[in-house]
$ cat my_file.cif   # mmCIF, C-alpha atoms
data_input
loop_
_atom_site.label_atom_id
_atom_site.label_comp_id
_atom_site.auth_asym_id
_atom_site.auth_seq_id
_atom_site.Cartn_x
_atom_site.Cartn_y
_atom_site.Cartn_z
CA MET A 1 92.31 79.39 108.46
CA PRO A 2 91.77 80.89 104.98
CA ARG A 3 91.84 84.69 104.90
CA ASP A 4 89.92 87.28 102.91
CA ILE A 5 92.36 88.28 100.17
CA PRO A 6 91.79 91.81 98.83
CA VAL A 7 91.59 92.35 95.08
CA THR A 8 92.90 95.75 94.01
CA LEU A 9 93.09 97.63 90.71
CA SER A 10 96.28 99.12 89.27
CA SER A 11 96.09 102.56 87.69
CA SER A 12 98.00 101.08 84.74
CA SER A 13 94.88 99.00 83.99
CA VAL A 14 92.94 102.11 82.94
CA PHE A 15 95.70 103.54 80.71
CA PRO A 16 95.53 105.76 78.66
CA LEU A 17 93.13 107.27 81.19
CA GLY A 18 94.82 109.03 84.09
CA THR A 19 95.48 108.23 87.72
CA GLN A 20 92.28 110.01 88.70
CA ASP A 21 90.18 107.52 86.75
CA VAL A 22 91.28 104.36 88.55
CA PHE A 23 89.52 105.38 91.77
CA ALA A 24 86.10 105.86 90.16
CA THR A 25 86.48 102.68 88.11
CA ALA A 26 87.47 100.63 91.16
CA GLU A 27 84.56 102.07 93.15
CA ASP A 28 82.02 101.36 90.40
CA LEU A 29 83.18 97.77 89.94
CA GLY A 30 83.52 96.91 93.64
CA TYR A 31 87.27 96.49 94.00
CA ASP A 32 88.77 96.52 97.49
CA ALA A 33 91.53 99.11 96.87
CA VAL A 34 93.85 100.52 94.20
CA GLU A 35 97.51 100.50 93.27
CA VAL A 36 98.94 103.80 92.04
CA MET A 37 101.75 103.60 89.51
CA VAL A 38 103.89 106.71 89.82
CA THR A 39 104.31 108.24 86.36
CA HIS A 40 104.67 111.66 84.78
CA ASN A 41 101.04 112.29 85.76
CA SER A 42 101.24 114.86 88.58
CA TRP A 43 98.28 113.28 90.39
CA SER A 44 100.22 110.04 90.80
CA GLN A 45 103.00 111.88 92.67
CA ASP A 46 100.94 114.00 95.09
CA GLY A 47 99.87 112.44 98.36
CA LEU A 48 97.38 115.19 99.15
CA LEU A 49 95.57 114.76 95.83
CA LEU A 50 95.63 110.98 96.11
CA ASN A 51 94.16 111.09 99.61
CA ARG A 52 91.36 113.34 98.36
CA LEU A 53 90.56 110.86 95.59
CA ALA A 54 90.67 107.93 98.03
CA GLN A 55 88.26 109.69 100.38
CA LYS A 56 85.93 110.85 97.61
CA HIS A 57 85.56 107.35 96.17
CA ARG A 58 85.93 105.49 99.49
CA MET A 59 88.72 103.55 97.85
CA PRO A 60 91.91 102.97 99.88
CA ILE A 61 95.35 102.90 98.30
CA HIS A 62 96.95 99.55 99.03
CA SER A 63 100.20 99.89 97.08
CA ILE A 64 102.46 102.33 95.23
CA HIS A 65 104.36 101.21 92.14
CA ALA A 66 107.70 103.04 92.14
CA PRO A 67 108.76 104.77 88.89
CA THR A 68 111.48 102.19 88.20
CA LEU A 69 110.39 101.44 84.63
CA LEU A 70 112.26 102.55 81.52
CA PHE A 71 109.51 104.99 80.53
CA THR A 72 109.61 106.68 83.97
CA GLN A 73 113.37 107.25 84.08
CA GLN A 74 112.85 111.02 84.30
CA VAL A 75 110.43 110.81 87.25
CA TRP A 76 111.89 111.67 90.67
CA GLY A 77 115.53 111.71 89.66
CA SER A 78 118.01 109.10 90.84
CA ALA A 79 117.08 105.46 91.40
CA TRP A 80 117.46 105.67 95.19
CA ASN A 81 115.39 108.84 95.25
CA LYS A 82 112.61 107.04 93.35
CA LEU A 83 112.41 104.36 96.02
CA ALA A 84 112.73 106.73 98.97
CA LYS A 85 110.02 109.05 97.63
CA SER A 86 107.77 106.09 96.78
CA ALA A 87 108.08 104.83 100.37
CA ASP A 88 107.32 108.32 101.72
CA LEU A 89 104.30 108.56 99.42
CA ALA A 90 103.10 105.14 100.58
CA ARG A 91 103.25 106.30 104.21
CA GLU A 92 101.41 109.50 103.36
CA VAL A 93 98.51 107.68 101.69
CA GLY A 94 98.44 104.70 104.05
CA ALA A 95 99.68 102.13 101.52
CA GLU A 96 101.30 98.95 102.80
CA ILE A 97 103.52 98.15 99.84
CA VAL A 98 105.90 99.68 97.31
CA VAL A 99 106.42 97.63 94.15
CA ALA A 100 109.87 98.01 92.56
CA HIS A 101 111.54 96.43 89.55
CA PRO A 102 115.03 94.95 89.99
CA PRO A 103 117.90 97.27 89.02
CA PHE A 104 119.35 97.54 85.54
CA ARG A 105 122.98 96.54 85.20
CA TRP A 106 124.08 100.07 84.28
CA GLN A 107 122.78 101.62 87.50
CA GLY A 108 126.10 101.35 89.33
CA ASN A 109 125.96 101.50 93.13
CA TYR A 110 122.19 101.31 93.09
CA ALA A 111 122.38 97.92 91.39
CA SER A 112 125.24 96.53 93.46
CA GLY A 113 123.76 97.73 96.77
CA PHE A 114 120.08 97.21 95.96
CA ALA A 115 119.23 94.44 98.45
CA ALA A 116 120.85 96.21 101.39
CA GLY A 117 119.44 99.58 100.34
CA ILE A 118 115.83 98.48 100.21
CA GLU A 119 116.22 96.89 103.64
CA GLU A 120 117.35 100.27 105.01
CA ILE A 121 114.36 102.05 103.46
CA MET A 122 111.97 99.46 104.85
CA ASP A 123 113.49 99.75 108.31
CA ALA A 124 113.21 103.54 108.18
CA THR A 125 109.64 103.74 106.88
CA GLY A 126 107.89 100.50 107.84
CA VAL A 127 106.78 100.07 104.22
CA LYS A 128 107.30 96.71 102.49
CA ILE A 129 109.28 96.98 99.25
CA CYS A 130 108.29 94.08 97.03
CA VAL A 131 110.68 93.30 94.20
CA GLU A 132 108.87 92.27 91.03
CA ASN A 133 109.85 89.36 88.79
CA MET A 134 110.98 90.46 85.35
CA TYR A 135 112.24 88.44 82.38
CA PRO A 136 115.29 87.95 80.15
CA TRP A 137 115.70 90.32 77.21
CA ARG A 138 116.60 88.35 74.11
CA ALA A 139 118.19 89.37 70.82
CA GLY A 140 117.64 86.37 68.60
CA ALA A 141 119.04 83.36 70.42
CA ARG A 142 121.16 85.47 72.77
CA GLU A 143 120.09 86.86 76.14
CA ALA A 144 121.00 90.44 76.95
CA LYS A 145 122.03 90.81 80.61
CA MET A 146 119.76 93.70 81.57
CA TYR A 147 119.25 93.22 85.31
CA LEU A 148 121.60 92.92 88.27
CA PRO A 149 121.86 90.61 90.04
CA HIS A 150 119.04 88.88 88.13
CA TRP A 151 115.57 89.33 86.66
CA ASP A 152 114.20 86.48 88.79
CA PRO A 153 113.70 87.41 92.48
CA VAL A 154 113.02 83.81 93.51
CA SER A 155 116.73 83.07 93.62
CA GLN A 156 117.57 86.31 95.44
CA ALA A 157 117.44 87.13 99.15
CA TYR A 158 114.69 89.74 98.88
CA GLU A 159 112.36 89.69 101.87
CA HIS A 160 109.24 90.56 99.84
CA VAL A 161 108.32 89.72 96.24
CA THR A 162 105.67 90.80 93.73
CA TRP A 163 104.78 88.20 91.09
CA ASP A 164 103.59 89.19 87.62
CA PHE A 165 102.12 86.46 85.39
CA SER A 166 102.81 88.32 82.14
CA HIS A 167 106.50 88.60 83.02
CA ALA A 168 106.56 84.94 84.05
CA ALA A 169 105.12 83.99 80.66
CA ILE A 170 107.95 85.74 78.81
CA ALA A 171 110.49 84.03 81.06
CA GLN A 172 108.69 80.70 80.56
CA GLU A 173 108.52 80.17 84.31
CA ASP A 174 106.09 77.93 86.19
CA SER A 175 104.25 80.40 88.40
CA LEU A 176 102.68 77.76 90.62
CA GLU A 177 106.09 76.29 91.37
CA ALA A 178 107.42 79.79 92.07
CA PHE A 179 104.56 80.43 94.52
CA GLN A 180 105.38 77.24 96.36
CA VAL A 181 109.08 78.09 96.56
CA LEU A 182 108.54 81.71 97.60
CA GLY A 183 106.19 80.86 100.45
CA GLU A 184 105.76 83.82 102.82
CA ARG A 185 108.13 85.96 100.71
CA LEU A 186 105.32 86.31 98.16
CA ARG A 187 103.48 89.43 99.32
CA HIS A 188 101.81 90.83 96.20
CA VAL A 189 100.53 89.44 92.89
CA HIS A 190 99.93 91.29 89.65
CA LEU A 191 96.97 89.46 88.15
CA THR A 192 97.31 89.21 84.39
CA ASP A 193 98.40 86.59 81.85
CA GLY A 194 100.69 86.16 78.87
CA THR A 195 102.25 83.80 76.38
CA ALA A 196 105.83 82.80 75.65
CA ASN A 197 106.16 85.01 72.58
CA GLY A 198 108.61 87.52 74.04
CA LYS A 199 106.04 90.31 74.42
CA ASP A 200 104.85 91.79 77.72
CA GLU A 201 101.19 91.35 76.81
CA HIS A 202 99.35 91.81 80.14
CA LEU A 203 96.40 89.77 78.90
CA LEU A 204 93.23 89.14 80.85
CA PRO A 205 93.67 86.17 83.21
CA GLY A 206 92.83 82.96 81.38
CA ASP A 207 93.74 84.37 77.97
CA GLY A 208 97.38 83.25 78.16
CA ASP A 209 99.26 80.08 79.02
CA GLN A 210 100.11 80.70 82.68
CA PRO A 211 98.43 78.55 85.40
CA VAL A 212 96.67 81.61 86.80
CA ALA A 213 93.55 79.84 88.07
CA ALA A 214 95.59 77.16 89.85
CA CYS A 215 97.79 79.82 91.45
CA LEU A 216 94.82 81.78 92.80
CA GLU A 217 93.25 78.63 94.16
CA PHE A 218 96.56 77.74 95.82
CA LEU A 219 96.65 81.16 97.52
CA GLY A 220 93.07 80.83 98.72
CA GLU A 221 93.67 77.31 100.00
CA THR A 222 96.87 78.11 101.90
CA GLY A 223 95.52 81.15 103.75
CA TRP A 224 97.86 83.57 102.01
CA ASP A 225 97.73 87.09 103.48
CA GLY A 226 98.84 89.25 100.55
CA ALA A 227 96.82 91.09 97.91
CA ILE A 228 95.89 90.43 94.29
CA CYS A 229 96.31 93.50 92.06
CA VAL A 230 94.74 93.46 88.59
CA GLU A 231 97.28 94.81 86.09
CA VAL A 232 95.99 94.18 82.58
CA GLY A 233 96.09 96.10 79.31
CA THR A 234 92.77 97.72 78.33
CA ARG A 235 94.02 100.36 75.91
CA LYS A 236 92.50 98.44 72.98
CA ALA A 237 88.96 98.71 74.34
CA LYS A 238 86.81 99.37 71.28
CA TYR A 239 83.52 100.66 72.65
CA ALA A 240 82.11 102.55 75.61
CA GLY A 241 82.03 100.31 78.62
CA GLN A 242 84.33 97.60 77.27
CA ARG A 243 87.16 98.57 79.64
CA GLU A 244 84.79 98.23 82.58
CA GLU A 245 83.61 94.86 81.27
CA MET A 246 87.22 93.65 81.08
CA LEU A 247 88.08 94.85 84.58
CA GLY A 248 84.84 93.51 86.01
CA TYR A 249 85.70 90.11 84.52
CA CYS A 250 89.16 90.22 86.15
CA LEU A 251 87.65 90.98 89.55
CA GLU A 252 85.14 88.15 89.24
CA TYR A 253 87.86 85.76 88.00
CA ALA A 254 90.07 86.54 90.98
CA ARG A 255 87.36 86.22 93.60
CA ASN A 256 85.91 83.04 92.11
CA HIS A 257 89.22 81.18 91.98
CA LEU A 258 90.31 82.41 95.40
CA ALA A 259 86.97 81.15 96.75
CA VAL A 260 87.57 77.71 95.22
CA GLY A 261 90.79 77.48 97.20
CA VAL A 262 89.14 78.69 100.41
CA GLU A 263 86.34 76.12 100.00
CA ARG A 264 88.88 73.38 99.38
CA ALA A 265 90.68 74.27 102.62
CA ALA A 266 87.41 74.40 104.54
CA ALA A 267 86.39 70.98 103.24
CA ARG A 268 89.73 69.51 104.26
CA SER A 269 89.41 71.02 107.76
CA ALA A 270 85.94 69.55 108.15
CA GLN A 271 87.11 66.01 107.45
#
$ encode --input "my_file.cif" --output "structure tokens"
Amino acid sequence: MPRDIPVTLSSSSVFPLGTQDVFATAEDLGYDAVEVMVTHNSWSQDGLLLNRLAQKHRMPIHSIHAPTLLFTQQVWGSAWNKLAKSADLAREVGAEIVVAHPPFRWQGNYASGFAAGIEEIMDATGVKICVENMYPWRAGAREAKMYLPHWDPVSQAYEHVTWDFSHAAIAQEDSLEAFQVLGERLRHVHLTDGTANGKDEHLLPGDGDQPVAACLEFLGETGWDGAICVEVGTRKAKYAGQREEMLGYCLEYARNHLAVGVERAAARSAQ
């Protein structure tokens, strides 16, 4: 039977506001939970402070995004330490998932032992580490080999995957086909959109060229049991309240298209 799929809000969606602001925004708009991206912001790294915010705003923390981005290289030291501390933080705040980017080629043993290493952390903590799809870096017509073993987790033996539509747009991937291939390995979706122009745009869903609506309907129809996390860029909001309008639209978009899939499944069952 179709399941209720939670729709959560990433703290990156309120940037340049801080981690503290995502909880109030999510509460005001009626989101189900939040995702905290660990950054240089001290609030994003402190389980005690995050639990206080979650309790104050009655807004659970569903996922932690590990500081595995280029701009967070200085956060929490070595690559393995970033993942271990992210898993510990997830346990402390009651989050189910840690989102992690695939390793860069220059990260030595971390890159070569990544798949086995995340399995060990998951076994030790009980937290799911979901490897996020990235995209090829291109210099003109040439592709720079940035990730090891690959930027696309579909072809890798990772147990859990996060799918990002903006990244898929850069890679010119068919997200609906990827969802079908991933099956139960797909645990987490970053709801956004993008175009094949080489830029990580993180557009509002429906503003790019990815089949976002069809993908959400597919998840609703198939009884998927993961979570949809809104991760869009709102830094260009031009007037008071526009950020909230954008994020409210994303929440409504997600729930409406998930509901279409659920209704389609119910109609089929009734036949």
$ closest_atom_pairs --input "my_file.cif" --of "range 9-37 of chain A" --to "range 230-253 of chain A" --cutoff "9 Å" --atoms "only C-alpha atoms" --output "JSON lines"
{"residue": "A:Leu9", "atom": "CA", "partner": "A:Val230", "partner_atom": "CA", "distance": 5.0}
{"residue": "A:Ser10", "atom": "CA", "partner": "A:Glu231", "partner_atom": "CA", "distance": 5.4}
{"residue": "A:Ser11", "atom": "CA", "partner": "A:Glu231", "partner_atom": "CA", "distance": 8.0}
{"residue": "A:Ser12", "atom": "CA", "partner": "A:Glu231", "partner_atom": "CA", "distance": 6.5}
{"residue": "A:Ser13", "atom": "CA", "partner": "A:Val232", "partner_atom": "CA", "distance": 5.1}
{"residue": "A:Val14", "atom": "CA", "partner": "A:Thr234", "partner_atom": "CA", "distance": 6.4}
{"residue": "A:Phe15", "atom": "CA", "partner": "A:Arg235", "partner_atom": "CA", "distance": 6.0}
{"residue": "A:Pro16", "atom": "CA", "partner": "A:Arg235", "partner_atom": "CA", "distance": 6.2}
{"residue": "A:Leu17", "atom": "CA", "partner": "A:Arg235", "partner_atom": "CA", "distance": 8.7}
{"residue": "A:Thr25", "atom": "CA", "partner": "A:Glu244", "partner_atom": "CA", "distance": 7.3}
{"residue": "A:Ala26", "atom": "CA", "partner": "A:Leu247", "partner_atom": "CA", "distance": 8.8}
{"residue": "A:Asp28", "atom": "CA", "partner": "A:Glu244", "partner_atom": "CA", "distance": 8.9}
{"residue": "A:Leu29", "atom": "CA", "partner": "A:Gly248", "partner_atom": "CA", "distance": 6.0}
{"residue": "A:Gly30", "atom": "CA", "partner": "A:Leu251", "partner_atom": "CA", "distance": 8.3}
{"residue": "A:Tyr31", "atom": "CA", "partner": "A:Leu251", "partner_atom": "CA", "distance": 7.1}
{"residue": "A:Glu35", "atom": "CA", "partner": "A:Val230", "partner_atom": "CA", "distance": 8.9}
$ closest_atom_pairs --input "my_file.cif" --of "range 96-194 of chain A" --to "range 200-224 of chain A" --cutoff "6 Å" --atoms "only C-alpha atoms" --output "tab-separated table"
residue	atom	partner	partner_atom	distance
A:Ser166	CA	A:His202	CA	5.3
A:Leu176	CA	A:Cys215	CA	5.4
A:Thr192	CA	A:Pro205	CA	4.9
A:Asp193	CA	A:Leu203	CA	4.8
A:Gly194	CA	A:Gly208	CA	4.5
$ atom_distance --input "my_file.cif" --atom1 "CA of Pro60 in chain A" --atom2 "CA of Asp46 in chain A"
15.0 Å
$ resolve_selection --input "my_file.cif" --expression "the PyMOL selection byres ((chain A and resi 83) around 12)" --output "PyMOL selection string"
chain A and resi 38+64-69+75-82+84-90+97-103+110+114+117-122+125+127-131
$ closest_residue --input "my_file.cif" --among "A:Met37, A:Ala124, A:Cys229, A:Ala266" --to "His188 in chain A" --atoms "all atoms listed in the file"
A:Cys229
$ atom_distance --input "my_file.cif" --atom1 "CA of Glu159 in chain A" --atom2 "CA of Phe179 in chain A"
14.2 Å
$ atom_distance --input "my_file.cif" --atom1 "CA of Tyr135 in chain A" --atom2 "CA of Ala254 in chain A"
23.9 Å
$ closest_residue --input "my_file.cif" --among "A:Glu27, A:Asp4, A:Glu92, A:Asp21" --to "Gly47 in chain A" --atoms "only C-alpha atoms"
A:Glu92
$ residues_around --input "my_file.cif" --residues "Ala111 in chain A" --least-positions-apart "5" --cutoff "8 Å" --atoms "all atoms listed in the file" --output "PyMOL selection string"
chain A and resi 103-106+148-149
$ write_last_selection --input "my_file.cif" --atoms "C-alpha atoms" --output "PDB file, keeping the file's coordinate frame"
ATOM      1  CA  PRO A 103     117.900  97.270  89.020  1.00  0.00           C
ATOM      2  CA  PHE A 104     119.350  97.540  85.540  1.00  0.00           C
ATOM      3  CA  ARG A 105     122.980  96.540  85.200  1.00  0.00           C
ATOM      4  CA  TRP A 106     124.080 100.070  84.280  1.00  0.00           C
ATOM      5  CA  LEU A 148     121.600  92.920  88.270  1.00  0.00           C
ATOM      6  CA  PRO A 149     121.860  90.610  90.040  1.00  0.00           C
TER       7      PRO A 149
END
$ residues_near_point --input "my_file.cif" --point "(91.8, 99.9, 100.5)" --cutoff "10 Å" --atoms "only C-alpha atoms" --output "PyMOL selection string"
chain A and resi 6-8+31-35+54+58-63+94-96
$ closest_residue --input "my_file.cif" --among "A:Ile5, A:Lys56, A:Leu48, A:Ala227" --to "Leu258 in chain A" --atoms "all atoms listed in the file"
A:Ile5
$ closest_residue --input "my_file.cif" --among "A:His40, A:Glu263, A:Ser155, A:Lys145" --to "Val181 in chain A" --atoms "only C-alpha atoms"
A:Ser155
